[in-house]
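A.B. asks: Quick one: the structure is below, questions incoming.
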Amino acid sequence: MITIALSKGRIFTETLPFLAAAGVVPLEDPETSRKLLIGTNHPDIRIVVVRASDVPTYVQYGAADMGVAGKDSLYEHGGAGLYVPLDLNIAKCRMCVACPRDFDYHAKVRRGARLRIATKFMKYSRNYFAKIGVHVDLIKLYGSMELAPIAGLSDAIVDLVSSGATLKANNLVEVEQIDTISSRLIVGQAAMKLKTSELLPIIDTFEKTVKYDD
């Protein structure tokens with residue numbers, strides 16, 4: 001049995017062409033099904049649907065053999081026990097610092113002010129602000145980051161941004177870009193040793209299906 005870990009939403013949708021190229025078709029849509037283990041047209045291949053941040057952990061500990069995870073999730077996880085053979089160039093976005101439109105972020109930074117930053121990306125945030133020499137207090141949240149500065153919980157946020165529409169709707173603006181993000185194919189190191197002959201054809205097919213920017 002080959003188990004593939006995927007998260008709902010954009011990553012799942014944008015991984016479907018890769019699965020199709022490998023001849024794998026999920027039997028249910030995770031957006032409409034309550035099942036967390038989804039069968040495919042291959043009786044020996046199944047999909048486990050987990051939170052995006054949990055995909056690397058499921059693959060690391062062997063609950064899944066392979067998966068698709070964003071660079072953000074891999075960075076926060078650390079990559080232990082994983083091979084990352086491919087950047088699939090999908091689910092692209094950026095990791096940014098954003099704050100209310102009327103908050104003078106750059107002036108605060110120049111004056112050496114200590115900022116309160118709300119985020120679920122603690123490692124990204126800690127390392128970035130340490131690198132640029134800005135003193136921050138990090139506040140870990142799991143829900144909508146945009147609410148934190150509006151409600152007065154934080155001065156700014158570190159979060160993933162795609163179109164920027166949600167920031168704009170909440171009167172927030174990007175003030176720093178930390179990193180560009182895309183999703184990668186990950187494979188468990190143990191699974192690669194034990195199931196090499198089963199996994200390599202899937203990896204090869206995924207590699208041939210990647211579309212690169214012009």
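Ligands are numbered from 1 in the order shown, chains are lettered A, B, ... in the order of the structure tokens, and residues start at 1 in each chain.
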Please identify the strand (DSSP E or B) residues within region 108-191 of chain A (assignment by DSSP from backbone atoms) and present them as a VMD selection string.
C.D. replies: chain A and resid 115 to 119 136 to 140 156 to 161 172 to 188
A.B. asks: Going by DSSP on the backbone, which residues of region 36-175 of chain A come out as alpha helix (DSSP H)? List them as a ChimeraX atom specification.
C.D. replies: /A:55-60,71-77,105-110,122-132,147-150,165-169
A.B. asks: Using only C-alpha atoms, which residues sit within 6 Å of Cys99 (chain A) once same-chain residues fewer than 4 positions away are excluded, as a count of residues only?
C.D. replies: 3
A.B. asks: What gap, in Å, lies between CA of Gly143 (chain A) and CA of Tyr105 (chain A)?
C.D. replies: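 Rounded to one decimal, the two atoms are 22.9 Å apart.
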A.B. asks: Could you produce a table of the residues of region 157-201 of chain A lying within 12 Å of region 23-47 of chain A, with the nearest pair of atoms per residue and their separation in Å rounded to one decimal, using only C-alpha atoms, ordered by chain and increasing residue number, as JSON lines?
C.D. replies:
```
{"residue": "A:Glu198", "atom": "CA", "partner": "A:Ile45", "partner_atom": "CA", "distance": 10.2}
{"residue": "A:Leu199", "atom": "CA", "partner": "A:Ile45", "partner_atom": "CA", "distance": 10.8}
{"residue": "A:Pro201", "atom": "CA", "partner": "A:Gly23", "partner_atom": "CA", "distance": 11.0}
```
